[in-house]
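For reference, the structure discussed in these notes is given below.
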Amino acid sequence: GESHYYQGECYFLNVIDQPGAPKVVIHDQITLDLYVRPGNDLAQRQAVMNAWYRQHLKAQIPPLIEKWQPIMGVTVQAWGVKQMKTRWGTCNIRARRIWLNLELAKRPPRCLEYIVVHEMVHLLERLHNARFRAFMDQFMPHWRSCKEELKHISA
């Protein structure tokens, strides 16, 4: 009876006990099938879901970085995905590395793109000041609506 979000869409979770490797499959437009070994506990099931989210999110990030690097005139040397409690992303300016929150896999793709651009703008301006906002306006004029959406979406 649980519901889970993926790319901003809500799916009902269908847990299927079966031998073999665990996996997650979008069954149809409303159901997400979680295949787990019989006897797997909640933590093991969550680990399978998180691995699935991570795999999908990691596939979405490189094309976004490749798209925005020439537009923005910056280079991202490294990036990663991790669970964060209070932030959608972070940027290490010296290492030119961005980290993105695993929870972004649950949000609409436009929100992921907004966070990627946001973190890449930090390679041009460290602070969230007028210059930073001007860069955001230049590169992604609708960024404020994405920011608001991240504040209000439930997942």
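Letters for chains follow the order of the structure tokens (A, B, ...), residue numbers begin at 1 for each chain, and ligand numbers begin at 1 in the order shown.
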Would you pick out the contacts of His118 (chain A) at 12 Å or less, using only C-alpha atoms, so that residues sharing its chain but fewer than 4 positions from it are not included, and give the list as an mmCIF file with N, CA, C and O atoms, in the first residue's frame?
data_model
loop_
_atom_site.group_PDB
_atom_site.id
_atom_site.type_symbol
_atom_site.label_atom_id
_atom_site.label_comp_id
_atom_site.auth_asym_id
_atom_site.auth_seq_id
_atom_site.Cartn_x
_atom_site.Cartn_y
_atom_site.Cartn_z
ATOM 1 N N LEU A 64 23.223 16.025 -18.433
ATOM 2 C CA LEU A 64 22.940 17.386 -17.983
ATOM 3 C C LEU A 64 24.227 18.198 -17.841
ATOM 4 O O LEU A 64 24.292 19.353 -18.272
ATOM 5 N N ILE A 65 25.229 17.598 -17.250
ATOM 6 C CA ILE A 65 26.512 18.295 -17.106
ATOM 7 C C ILE A 65 27.089 18.592 -18.490
ATOM 8 O O ILE A 65 27.548 19.710 -18.748
ATOM 9 N N TRP A 68 25.245 21.550 -20.080
ATOM 10 C CA TRP A 68 25.418 22.872 -19.484
ATOM 11 C C TRP A 68 26.853 23.384 -19.469
ATOM 12 O O TRP A 68 27.073 24.588 -19.414
ATOM 13 N N MET A 72 27.588 27.336 -20.044
ATOM 14 C CA MET A 72 28.027 28.132 -18.905
ATOM 15 C C MET A 72 29.515 28.468 -18.944
ATOM 16 O O MET A 72 29.959 29.349 -18.206
ATOM 17 N N TRP A 88 19.972 19.941 -1.359
ATOM 18 C CA TRP A 88 19.732 19.252 -2.633
ATOM 19 C C TRP A 88 21.047 18.988 -3.359
ATOM 20 O O TRP A 88 21.135 18.088 -4.186
ATOM 21 N N GLY A 89 22.056 19.782 -3.063
ATOM 22 C CA GLY A 89 23.343 19.606 -3.705
ATOM 23 C C GLY A 89 24.401 20.453 -3.020
ATOM 24 O O GLY A 89 24.083 21.326 -2.216
ATOM 25 N N THR A 90 25.652 20.154 -3.335
ATOM 26 C CA THR A 90 26.768 20.947 -2.832
ATOM 27 C C THR A 90 27.813 21.045 -3.937
ATOM 28 O O THR A 90 27.833 20.238 -4.863
ATOM 29 N N CYS A 91 28.675 22.037 -3.807
ATOM 30 C CA CYS A 91 29.734 22.238 -4.789
ATOM 31 C C CYS A 91 31.044 22.531 -4.059
ATOM 32 O O CYS A 91 31.106 23.419 -3.225
ATOM 33 N N ILE A 98 30.728 18.437 -7.846
ATOM 34 C CA ILE A 98 29.393 18.640 -7.298
ATOM 35 C C ILE A 98 28.854 17.318 -6.765
ATOM 36 O O ILE A 98 29.153 16.246 -7.291
ATOM 37 N N TRP A 99 28.084 17.441 -5.699
ATOM 38 C CA TRP A 99 27.374 16.312 -5.110
ATOM 39 C C TRP A 99 25.892 16.609 -5.215
ATOM 40 O O TRP A 99 25.458 17.736 -4.971
ATOM 41 N N LEU A 100 25.119 15.584 -5.549
ATOM 42 C CA LEU A 100 23.680 15.738 -5.685
ATOM 43 C C LEU A 100 22.974 14.767 -4.750
ATOM 44 O O LEU A 100 23.404 13.630 -4.566
ATOM 45 N N CYS A 111 13.586 19.550 -11.917
ATOM 46 C CA CYS A 111 14.175 19.896 -10.615
ATOM 47 C C CYS A 111 15.620 19.425 -10.540
ATOM 48 O O CYS A 111 16.485 20.139 -10.013
ATOM 49 N N LEU A 112 15.890 18.247 -11.058
ATOM 50 C CA LEU A 112 17.272 17.763 -11.107
ATOM 51 C C LEU A 112 18.114 18.710 -11.949
ATOM 52 O O LEU A 112 19.213 19.102 -11.536
ATOM 53 N N GLU A 113 17.609 19.109 -13.094
ATOM 54 C CA GLU A 113 18.364 20.012 -13.959
ATOM 55 C C GLU A 113 18.619 21.343 -13.262
ATOM 56 O O GLU A 113 19.723 21.890 -13.342
ATOM 57 N N TYR A 114 17.624 21.851 -12.546
ATOM 58 C CA TYR A 114 17.806 23.094 -11.802
ATOM 59 C C TYR A 114 18.933 22.968 -10.783
ATOM 60 O O TYR A 114 19.799 23.845 -10.677
ATOM 61 N N HIS A 122 27.816 27.816 -9.011
ATOM 62 C CA HIS A 122 28.768 28.071 -7.929
ATOM 63 C C HIS A 122 30.218 28.041 -8.426
ATOM 64 O O HIS A 122 31.099 28.596 -7.773
ATOM 65 N N LEU A 123 30.469 27.435 -9.572
ATOM 66 C CA LEU A 123 31.812 27.474 -10.144
ATOM 67 C C LEU A 123 32.127 28.855 -10.710
ATOM 68 O O LEU A 123 33.285 29.182 -10.955
ATOM 69 N N LEU A 124 31.063 29.659 -10.900
ATOM 70 C CA LEU A 124 31.222 31.042 -11.361
ATOM 71 C C LEU A 124 31.097 32.048 -10.218
ATOM 72 O O LEU A 124 31.704 33.117 -10.252
ATOM 73 N N GLU A 125 30.280 31.715 -9.226
ATOM 74 C CA GLU A 125 30.035 32.608 -8.077
ATOM 75 C C GLU A 125 29.767 31.743 -6.851
ATOM 76 O O GLU A 125 28.815 30.971 -6.829
ATOM 77 N N ARG A 126 30.611 31.894 -5.861
ATOM 78 C CA ARG A 126 30.526 31.078 -4.648
ATOM 79 C C ARG A 126 29.276 31.367 -3.827
ATOM 80 O O ARG A 126 28.634 30.460 -3.309
ATOM 81 N N LEU A 127 28.920 32.629 -3.697
ATOM 82 C CA LEU A 127 27.840 33.038 -2.800
ATOM 83 C C LEU A 127 26.478 33.067 -3.505
ATOM 84 O O LEU A 127 26.407 33.155 -4.722
ATOM 85 N N HIS A 128 25.424 33.038 -2.706
ATOM 86 C CA HIS A 128 24.061 33.206 -3.222
ATOM 87 C C HIS A 128 23.715 34.692 -3.224
ATOM 88 O O HIS A 128 22.794 35.126 -2.543
ATOM 89 N N PHE A 132 25.108 35.745 -8.401
ATOM 90 C CA PHE A 132 24.661 34.352 -8.531
ATOM 91 C C PHE A 132 23.268 34.304 -9.155
ATOM 92 O O PHE A 132 23.023 33.558 -10.104
ATOM 93 N N ARG A 133 22.351 35.100 -8.625
ATOM 94 C CA ARG A 133 20.977 35.116 -9.158
ATOM 95 C C ARG A 133 20.949 35.582 -10.610
ATOM 96 O O ARG A 133 20.157 35.077 -11.414
ATOM 97 N N ALA A 134 21.811 36.520 -10.960
ATOM 98 C CA ALA A 134 21.879 36.986 -12.348
ATOM 99 C C ALA A 134 22.338 35.859 -13.283
ATOM 100 O O ALA A 134 21.796 35.708 -14.386
ATOM 101 N N PHE A 135 23.309 35.073 -12.834
ATOM 102 C CA PHE A 135 23.734 33.912 -13.626
ATOM 103 C C PHE A 135 22.584 32.915 -13.769
ATOM 104 O O PHE A 135 22.345 32.384 -14.857
ATOM 105 N N MET A 136 21.883 32.658 -12.680
ATOM 106 C CA MET A 136 20.748 31.735 -12.742
ATOM 107 C C MET A 136 19.691 32.254 -13.714
ATOM 108 O O MET A 136 19.149 31.488 -14.522
ATOM 109 N N ASP A 137 19.390 33.541 -13.645
ATOM 110 C CA ASP A 137 18.415 34.144 -14.568
ATOM 111 C C ASP A 137 18.877 34.014 -16.018
ATOM 112 O O ASP A 137 18.074 33.765 -16.915
ATOM 113 N N GLN A 138 20.155 34.184 -16.230
ATOM 114 C CA GLN A 138 20.716 34.100 -17.584
ATOM 115 C C GLN A 138 20.607 32.676 -18.140
ATOM 116 O O GLN A 138 20.171 32.482 -19.274
ATOM 117 N N PHE A 139 21.006 31.709 -17.334
ATOM 118 C CA PHE A 139 21.068 30.331 -17.824
ATOM 119 C C PHE A 139 19.742 29.597 -17.753
ATOM 120 O O PHE A 139 19.447 28.763 -18.601
ATOM 121 N N MET A 140 18.958 29.869 -16.729
ATOM 122 C CA MET A 140 17.718 29.128 -16.509
ATOM 123 C C MET A 140 16.659 30.098 -15.980
ATOM 124 O O MET A 140 16.426 30.162 -14.770
ATOM 125 N N PRO A 141 16.018 30.853 -16.858
ATOM 126 C CA PRO A 141 15.077 31.887 -16.421
ATOM 127 C C PRO A 141 13.945 31.389 -15.511
ATOM 128 O O PRO A 141 13.451 32.139 -14.680
ATOM 129 N N TRP A 143 14.181 29.208 -13.080
ATOM 130 C CA TRP A 143 14.762 28.529 -11.925
ATOM 131 C C TRP A 143 13.969 28.726 -10.646
ATOM 132 O O TRP A 143 13.890 27.823 -9.811
ATOM 133 N N ARG A 144 13.357 29.881 -10.486
ATOM 134 C CA ARG A 144 12.604 30.143 -9.241
ATOM 135 C C ARG A 144 11.412 29.203 -9.092
ATOM 136 O O ARG A 144 11.089 28.772 -7.989
ATOM 137 N N CYS A 146 11.260 26.170 -10.240
ATOM 138 C CA CYS A 146 11.821 24.869 -9.860
ATOM 139 C C CYS A 146 12.183 24.850 -8.375
ATOM 140 O O CYS A 146 11.937 23.862 -7.677
ATOM 141 N N LYS A 147 12.750 25.942 -7.906
ATOM 142 C CA LYS A 147 13.112 26.050 -6.487
ATOM 143 C C LYS A 147 11.865 25.926 -5.615
ATOM 144 O O LYS A 147 11.865 25.203 -4.609
#
Using only C-alpha atoms, which residues sit within 12 Å of His4 (chain A) once same-chain residues fewer than 4 positions away are excluded, as a list in words?
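The neighbour list is Gly8, Glu9, Cys10, Tyr11, Phe12, Leu13, Asn14, Val24, Ile26, Ile30, Thr31, Leu32, Asp33, Leu34, Gln46, Met49, Asn50, Tyr53, Glu103, Ala105, Lys106, Arg107, Ser154 and Ala155 of chain A.
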Take the residues that were just selected and, keeping N, CA, C and O atoms, output them as a short mmCIF file (atom, residue, chain, number, x, y, z; two decimals), in the first residue's frame.
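Okay, selection12.cif is ready:
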data_model
loop_
_atom_site.label_atom_id
_atom_site.label_comp_id
_atom_site.auth_asym_id
_atom_site.auth_seq_id
_atom_site.Cartn_x
_atom_site.Cartn_y
_atom_site.Cartn_z
N GLY A 8 9.12 12.49 -10.19
CA GLY A 8 7.95 13.31 -9.95
C GLY A 8 6.62 12.59 -10.08
O GLY A 8 5.57 13.16 -9.81
N GLU A 9 6.65 11.33 -10.47
CA GLU A 9 5.43 10.54 -10.62
C GLU A 9 5.27 9.61 -9.42
O GLU A 9 6.24 9.05 -8.92
N CYS A 10 4.02 9.44 -9.00
CA CYS A 10 3.73 8.59 -7.85
C CYS A 10 3.39 7.18 -8.33
O CYS A 10 2.59 7.00 -9.25
N TYR A 11 4.01 6.19 -7.69
CA TYR A 11 3.77 4.78 -8.01
C TYR A 11 3.39 4.05 -6.73
O TYR A 11 3.93 4.32 -5.67
N PHE A 12 2.48 3.09 -6.87
CA PHE A 12 2.16 2.21 -5.76
C PHE A 12 3.20 1.10 -5.73
O PHE A 12 3.54 0.53 -6.77
N LEU A 13 3.68 0.80 -4.54
CA LEU A 13 4.72 -0.22 -4.39
C LEU A 13 4.08 -1.59 -4.27
O LEU A 13 3.18 -1.81 -3.46
N ASN A 14 4.57 -2.51 -5.07
CA ASN A 14 4.12 -3.90 -5.05
C ASN A 14 5.35 -4.74 -4.71
O ASN A 14 6.26 -4.86 -5.53
N VAL A 24 14.10 -3.67 -9.03
CA VAL A 24 12.93 -2.80 -9.06
C VAL A 24 12.54 -2.62 -10.52
O VAL A 24 13.41 -2.38 -11.37
N ILE A 26 9.47 -0.75 -13.04
CA ILE A 26 8.23 0.01 -13.20
C ILE A 26 7.32 -0.87 -14.03
O ILE A 26 7.57 -1.12 -15.22
N ILE A 30 1.42 3.06 -12.98
CA ILE A 30 1.05 3.33 -11.60
C ILE A 30 1.70 2.40 -10.58
O ILE A 30 1.55 2.60 -9.39
N THR A 31 2.41 1.38 -11.04
CA THR A 31 2.95 0.36 -10.13
C THR A 31 4.45 0.20 -10.26
O THR A 31 4.98 0.12 -11.37
N LEU A 32 5.10 0.13 -9.13
CA LEU A 32 6.53 -0.12 -9.05
C LEU A 32 6.69 -1.48 -8.35
O LEU A 32 6.25 -1.63 -7.21
N ASP A 33 7.24 -2.46 -9.05
CA ASP A 33 7.43 -3.79 -8.47
C ASP A 33 8.82 -3.89 -7.84
O ASP A 33 9.83 -3.63 -8.50
N LEU A 34 8.84 -4.27 -6.58
CA LEU A 34 10.08 -4.48 -5.85
C LEU A 34 10.23 -5.98 -5.63
O LEU A 34 9.47 -6.58 -4.87
N GLN A 46 14.70 -1.21 1.59
CA GLN A 46 15.06 0.18 1.36
C GLN A 46 16.40 0.28 0.64
O GLN A 46 16.58 1.13 -0.22
N MET A 49 15.78 -0.31 -3.00
CA MET A 49 15.16 0.88 -3.60
C MET A 49 16.21 1.98 -3.79
O MET A 49 16.26 2.60 -4.86
N ASN A 50 17.02 2.23 -2.78
CA ASN A 50 18.04 3.29 -2.88
C ASN A 50 19.05 2.99 -3.98
O ASN A 50 19.48 3.90 -4.69
N TYR A 53 17.29 3.84 -7.21
CA TYR A 53 17.25 5.29 -7.39
C TYR A 53 18.62 5.83 -7.80
O TYR A 53 18.75 6.65 -8.71
N GLU A 103 17.71 12.00 -3.18
CA GLU A 103 16.27 12.27 -3.23
C GLU A 103 15.83 12.91 -4.54
O GLU A 103 14.65 12.89 -4.89
N ALA A 105 16.19 11.81 -7.38
CA ALA A 105 15.64 10.76 -8.25
C ALA A 105 14.11 10.72 -8.16
O ALA A 105 13.43 10.31 -9.10
N LYS A 106 13.58 11.17 -7.04
CA LYS A 106 12.14 11.14 -6.82
C LYS A 106 11.45 12.38 -7.40
O LYS A 106 10.24 12.39 -7.56
N ARG A 107 12.21 13.39 -7.70
CA ARG A 107 11.66 14.66 -8.14
C ARG A 107 11.58 14.72 -9.67
O ARG A 107 12.28 13.99 -10.36
N SER A 154 5.65 16.70 -2.36
CA SER A 154 5.67 15.68 -1.29
C SER A 154 6.19 14.37 -1.86
O SER A 154 5.76 13.92 -2.92
N ALA A 155 7.10 13.80 -1.15
CA ALA A 155 7.63 12.48 -1.56
C ALA A 155 8.24 11.81 -0.34
O ALA A 155 8.57 12.42 0.63
#
Which polymer residues have any atom within 12 Å of an atom of Gln55 (chain A), counting only C-alpha atoms, with same-chain residues fewer than 3 positions away left out, as an mmCIF file with N, CA and C atoms, in the first residue's frame?
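Wrote it out as out-v2.cif, contents follow:
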data_model
loop_
_atom_site.group_PDB
_atom_site.id
_atom_site.type_symbol
_atom_site.label_atom_id
_atom_site.label_comp_id
_atom_site.auth_asym_id
_atom_site.auth_seq_id
_atom_site.Cartn_x
_atom_site.Cartn_y
_atom_site.Cartn_z
ATOM 1 N N LYS A 23 15.473 -6.601 -7.422
ATOM 2 C CA LYS A 23 15.393 -5.596 -8.481
ATOM 3 C C LYS A 23 14.112 -4.785 -8.324
ATOM 4 N N VAL A 24 14.101 -3.670 -9.027
ATOM 5 C CA VAL A 24 12.929 -2.800 -9.060
ATOM 6 C C VAL A 24 12.544 -2.620 -10.522
ATOM 7 N N VAL A 48 17.595 -1.832 -1.515
ATOM 8 C CA VAL A 48 17.350 -2.165 -2.921
ATOM 9 C C VAL A 48 16.745 -0.962 -3.640
ATOM 10 N N MET A 49 15.779 -0.310 -3.004
ATOM 11 C CA MET A 49 15.163 0.881 -3.597
ATOM 12 C C MET A 49 16.205 1.984 -3.786
ATOM 13 N N ASN A 50 17.020 2.229 -2.778
ATOM 14 C CA ASN A 50 18.038 3.285 -2.878
ATOM 15 C C ASN A 50 19.053 2.991 -3.981
ATOM 16 N N ALA A 51 19.436 1.736 -4.119
ATOM 17 C CA ALA A 51 20.373 1.363 -5.183
ATOM 18 C C ALA A 51 19.741 1.609 -6.552
ATOM 19 N N TRP A 52 18.465 1.326 -6.671
ATOM 20 C CA TRP A 52 17.752 1.558 -7.932
ATOM 21 C C TRP A 52 17.666 3.057 -8.226
ATOM 22 N N LYS A 58 22.228 8.435 -11.485
ATOM 23 C CA LYS A 58 23.574 8.518 -12.052
ATOM 24 C C LYS A 58 23.556 8.461 -13.582
ATOM 25 N N ALA A 59 22.530 7.870 -14.152
ATOM 26 C CA ALA A 59 22.411 7.845 -15.612
ATOM 27 C C ALA A 59 21.912 9.188 -16.155
ATOM 28 N N GLN A 60 21.184 9.945 -15.349
ATOM 29 C CA GLN A 60 20.600 11.212 -15.791
ATOM 30 C C GLN A 60 21.568 12.389 -15.674
ATOM 31 N N ILE A 61 22.547 12.296 -14.797
ATOM 32 C CA ILE A 61 23.412 13.441 -14.505
ATOM 33 C C ILE A 61 24.414 13.761 -15.608
ATOM 34 N N GLY A 80 29.040 13.368 -7.846
ATOM 35 C CA GLY A 80 28.605 12.173 -7.152
ATOM 36 C C GLY A 80 27.205 12.338 -6.616
ATOM 37 N N VAL A 81 26.685 11.233 -6.119
ATOM 38 C CA VAL A 81 25.344 11.189 -5.546
ATOM 39 C C VAL A 81 25.470 10.658 -4.130
ATOM 40 N N LYS A 82 24.830 11.344 -3.196
ATOM 41 C CA LYS A 82 24.808 10.845 -1.824
ATOM 42 C C LYS A 82 23.530 11.293 -1.135
ATOM 43 N N LEU A 102 20.470 12.137 -3.355
ATOM 44 C CA LEU A 102 19.792 10.955 -3.893
ATOM 45 C C LEU A 102 18.289 11.179 -4.042
ATOM 46 N N ALA A 105 16.187 11.808 -7.378
ATOM 47 C CA ALA A 105 15.636 10.762 -8.253
ATOM 48 C C ALA A 105 14.108 10.719 -8.155
#
Could you tell me how far CA of Ile71 (chain A) lies from CA of Val117 (chain A), in Å and to one decimal?
10.4 Å
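Picture a line from CA of Arg96 (chain A) to CA of Gly73 (chain A); it runs 12.9 Å.
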Could you pull out the residues in region 7-109 of chain A that DSSP calls strand (DSSP E) from the backbone, as JSON, numbers by chain?
{"A": [9, 10, 11, 12, 13, 14, 15, 16, 17, 23, 24, 25, 26, 31, 32, 33, 34, 35, 36, 78, 79, 80, 81, 82, 89, 90, 91, 92, 97, 98, 99, 100, 101]}
Rank A:Val36, A:Leu57, A:Arg110, A:Gly1 by their smallest atom-to-atom distance to Ser145 (chain A), using only C-alpha atoms, and report the top residue only.
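Going through A:Val36, A:Leu57, A:Arg110, A:Gly1 one by one, the smallest distance to Ser145 (chain A) is for A:Arg110.
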What is the CA of Asp17 (chain A)-CA of Asp41 (chain A) distance in Å, reported with one decimal?
11.3 Å
Can you list, as a ChimeraX atom specification, every residue of chain A that DSSP puts in alpha helix (DSSP H)?
/A:42-72,109-121,130-139,143-152
Which of these residues is nearest to Glu149 (chain A), using only C-alpha atoms: A:Val15, A:Ile93, A:Ala78, A:Ile115?
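Comparing A:Val15, A:Ile93, A:Ala78, A:Ile115 against Glu149 (chain A), the winner is A:Ile115.
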